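Asker: Sharing final.pdb, PDB, C-alpha atoms, pLDDT in the B column:
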```pdb
ATOM      1  CA  ARG A   1      -3.897 -26.106   8.772  1.00 83.00           C
ATOM      2  CA  SER A   2      -2.847 -24.624  12.135  1.00 85.00           C
ATOM      3  CA  THR A   3       0.621 -26.111  11.808  1.00 88.00           C
ATOM      4  CA  MET A   4       1.039 -24.577   8.363  1.00 86.00           C
ATOM      5  CA  ALA A   5      -0.057 -21.172   9.681  1.00 82.00           C
ATOM      6  CA  LEU A   6       2.450 -21.369  12.521  1.00 84.00           C
ATOM      7  CA  LEU A   7       5.236 -22.426  10.161  1.00 85.00           C
ATOM      8  CA  TYR A   8       4.353 -19.567   7.826  1.00 83.00           C
ATOM      9  CA  LEU A   9       4.493 -17.052  10.669  1.00 79.00           C
ATOM     10  CA  ALA A  10       7.665 -18.530  12.091  1.00 83.00           C
ATOM     11  CA  ILE A  11       9.502 -18.490   8.781  1.00 85.00           C
ATOM     12  CA  PHE A  12       8.260 -15.293   7.153  1.00 84.00           C
ATOM     13  CA  GLY A  13       7.768 -13.397  10.409  1.00 80.00           C
ATOM     14  CA  SER A  14      11.327 -14.192  11.398  1.00 85.00           C
ATOM     15  CA  VAL A  15      12.659 -13.098   8.018  1.00 87.00           C
ATOM     16  CA  ILE A  16      10.820  -9.786   8.218  1.00 87.00           C
ATOM     17  CA  ALA A  17      11.906  -9.200  11.816  1.00 84.00           C
ATOM     18  CA  TYR A  18      15.521 -10.040  10.975  1.00 88.00           C
ATOM     19  CA  TRP A  19      15.491  -7.697   7.985  1.00 91.00           C
ATOM     20  CA  ALA A  20      13.943  -4.895  10.073  1.00 88.00           C
ATOM     21  CA  TYR A  21      16.509  -5.399  12.847  1.00 87.00           C
ATOM     22  CA  ASN A  22      19.427  -5.283  10.400  1.00 91.00           C
ATOM     23  CA  TYR A  23      17.986  -2.203   8.713  1.00 92.00           C
ATOM     24  CA  ALA A  24      17.607  -0.490  12.102  1.00 90.00           C
ATOM     25  CA  GLN A  25      21.227  -1.302  12.924  1.00 90.00           C
ATOM     26  CA  THR A  26      22.371   0.632   9.858  1.00 93.00           C
ATOM     27  CA  LYS A  27      20.298   3.695  10.768  1.00 91.00           C
ATOM     28  CA  LEU A  28      20.391   3.883  14.597  1.00 85.00           C
ATOM     29  CA  SER A  29      22.827   3.491  17.462  1.00 81.00           C
ATOM     30  CA  ALA A  30      23.262   0.080  19.072  1.00 82.00           C
ATOM     31  CA  GLY A  31      21.602   1.271  22.300  1.00 76.00           C
ATOM     32  CA  LYS A  32      18.475   2.384  20.499  1.00 79.00           C
ATOM     33  CA  VAL A  33      18.259  -0.794  18.445  1.00 83.00           C
ATOM     34  CA  ALA A  34      18.689  -2.993  21.515  1.00 81.00           C
ATOM     35  CA  SER A  35      15.977  -1.142  23.436  1.00 78.00           C
ATOM     36  CA  TYR A  36      13.277  -3.097  21.559  1.00 78.00           C
ATOM     37  CA  ALA A  37      14.040  -6.077  23.789  1.00 80.00           C
ATOM     38  CA  TYR A  38      12.968  -4.063  26.817  1.00 81.00           C
ATOM     39  CA  VAL A  39       9.860  -2.542  25.255  1.00 82.00           C
ATOM     40  CA  ASN A  40       8.411  -5.762  23.776  1.00 83.00           C
ATOM     41  CA  PRO A  41       7.405  -7.350  27.125  1.00 84.00           C
ATOM     42  CA  ALA A  42       5.592  -4.187  28.220  1.00 85.00           C
ATOM     43  CA  VAL A  43       3.705  -4.051  24.923  1.00 85.00           C
ATOM     44  CA  ALA A  44       2.847  -7.748  25.221  1.00 87.00           C
ATOM     45  CA  VAL A  45       1.431  -7.258  28.721  1.00 89.00           C
ATOM     46  CA  LEU A  46      -0.676  -4.313  27.585  1.00 89.00           C
ATOM     47  CA  PHE A  47      -2.033  -6.165  24.548  1.00 89.00           C
ATOM     48  CA  GLY A  48      -2.720  -9.219  26.696  1.00 90.00           C
ATOM     49  CA  ALA A  49      -4.714  -7.092  29.106  1.00 92.00           C
ATOM     50  CA  LEU A  50      -6.620  -5.229  26.398  1.00 92.00           C
ATOM     51  CA  LEU A  51      -7.298  -8.075  23.985  1.00 90.00           C
ATOM     52  CA  LEU A  52      -7.480 -11.125  26.233  1.00 88.00           C
ATOM     53  CA  GLY A  53      -8.492  -9.676  29.575  1.00 91.00           C
ATOM     54  CA  GLU A  54      -5.350 -10.911  31.326  1.00 92.00           C
ATOM     55  CA  PRO A  55      -4.781  -9.491  34.818  1.00 94.00           C
ATOM     56  CA  VAL A  56      -2.282  -6.684  35.345  1.00 93.00           C
ATOM     57  CA  THR A  57      -0.934  -6.285  38.867  1.00 95.00           C
ATOM     58  CA  LEU A  58       0.561  -3.247  40.550  1.00 96.00           C
ATOM     59  CA  THR A  59       3.961  -4.973  40.534  1.00 94.00           C
ATOM     60  CA  MET A  60       3.711  -5.436  36.767  1.00 93.00           C
ATOM     61  CA  ILE A  61       2.836  -1.774  36.265  1.00 93.00           C
ATOM     62  CA  ALA A  62       5.753  -0.686  38.461  1.00 95.00           C
ATOM     63  CA  ALA A  63       8.120  -2.926  36.496  1.00 91.00           C
ATOM     64  CA  MET A  64       6.874  -1.513  33.189  1.00 89.00           C
ATOM     65  CA  VAL A  65       7.391   2.036  34.432  1.00 92.00           C
ATOM     66  CA  VAL A  66      10.971   1.243  35.462  1.00 91.00           C
ATOM     67  CA  ILE A  67      11.695  -0.484  32.138  1.00 86.00           C
ATOM     68  CA  LEU A  68      10.181   2.259  30.006  1.00 86.00           C
ATOM     69  CA  ALA A  69      11.936   4.958  32.055  1.00 90.00           C
ATOM     70  CA  GLY A  70      15.245   3.203  31.389  1.00 85.00           C
ATOM     71  CA  VAL A  71      14.506   3.065  27.673  1.00 81.00           C
ATOM     72  CA  ALA A  72      13.565   6.746  27.729  1.00 84.00           C
ATOM     73  CA  LEU A  73      16.884   7.577  29.389  1.00 85.00           C
ATOM     74  CA  ILE A  74      18.725   5.686  26.649  1.00 78.00           C
ATOM     75  CA  GLN A  75      16.827   7.568  23.984  1.00 76.00           C
ATOM     76  CA  ILE A  76      17.399  10.967  25.603  1.00 81.00           C
ATOM     77  CA  HIS A  77      21.050  10.382  26.462  1.00 71.00           C
ATOM     78  CA  ARG A  78      22.034   9.258  22.972  1.00 60.00           C
ATOM     79  CA  ALA A  79      19.991  11.854  21.085  1.00 53.00           C
TER      80      ALA A  79
END
```
Just dump the structure as structure tokens.
Answerer:
Amino acid sequence: RSTMALLYLAIFGSVIAYWAYNYAQTKLSAGKVASYAYVNPAVAVLFGALLLGEPVTLTMIAAMVVILAGVALIQIHRA
């Protein structure tokens, strides 16, 4: 049952993500579309801390600030 759930998520989740990425490429600049790769780890760390109680260190927070500031600069510069 667990294997089937993982296969379902892997197949259909990937299809939905691929479709969303291609759709975003038609509507946004390449820099904005690519910025998701930088934001995803920060979101994952925050959800891990909130939902699973995982530790968040000062170094991790500093890294997230630098990453998100870079993404913000991309968004502002290309606006």
Asker: Neighbouring residues of range 24-41 of chain A were defined as those with any atom within 10 Å, considering only C-alpha atoms; residues of the same chain fewer than 6 positions away were excluded. Please report them as a PyMOL selection string.
Answerer: chain A and resi 18+47+64+67-68+70-72+74-75+78-79
Asker: Which of these residues is nearest to Val43 in chain A, using all atoms listed in the file: A:His77, A:Asn22, A:Met60, A:Arg1?
Answerer: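 For Val43 in chain A, the nearest of the candidates is A:Met60.
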Asker: Looking at all atoms listed in the file, which of A:Leu51, A:Ala10, A:Ala42, A:Ile16 is the one that sits closest to Val66 in chain A?
Answerer: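 For Val66 in chain A, the nearest of the candidates is A:Ala42.
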Asker: Could you check how far CA of Ala17 in chain A sits from CA of Ala5 in chain A, in Å to one decimal?
Answerer: 17.1 Å
Asker: Could you tell me how far CA of Leu7 in chain A sits from CA of Trp19 in chain A, in Å to one decimal place?
Answerer: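 A separation of 18.1 Å between them.
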Asker: Nearest residue to Ile61 in chain A out of A:Phe12, A:Leu73, A:Leu46, A:Tyr23, using all atoms listed in the file?
Answerer: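 Smallest separation from Ile61 in chain A among the options: A:Leu46.
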Asker: CA of Tyr21 in chain A and CA of Met4 in chain A are how many Å apart?
Answerer: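 These two atoms are separated by 25.0 Å.
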Asker: Take every atom of range 53-72 of chain A listed in the file, fit an axis-aligned box around them, add 6 Å per side, and give the centre and edge lengths in Å to one decimal as JSON.
Answerer:
```
{"center_x": 3.4, "center_y": -2.1, "center_z": 34.1, "size_x": 35.7, "size_y": 29.7, "size_z": 24.9}
```
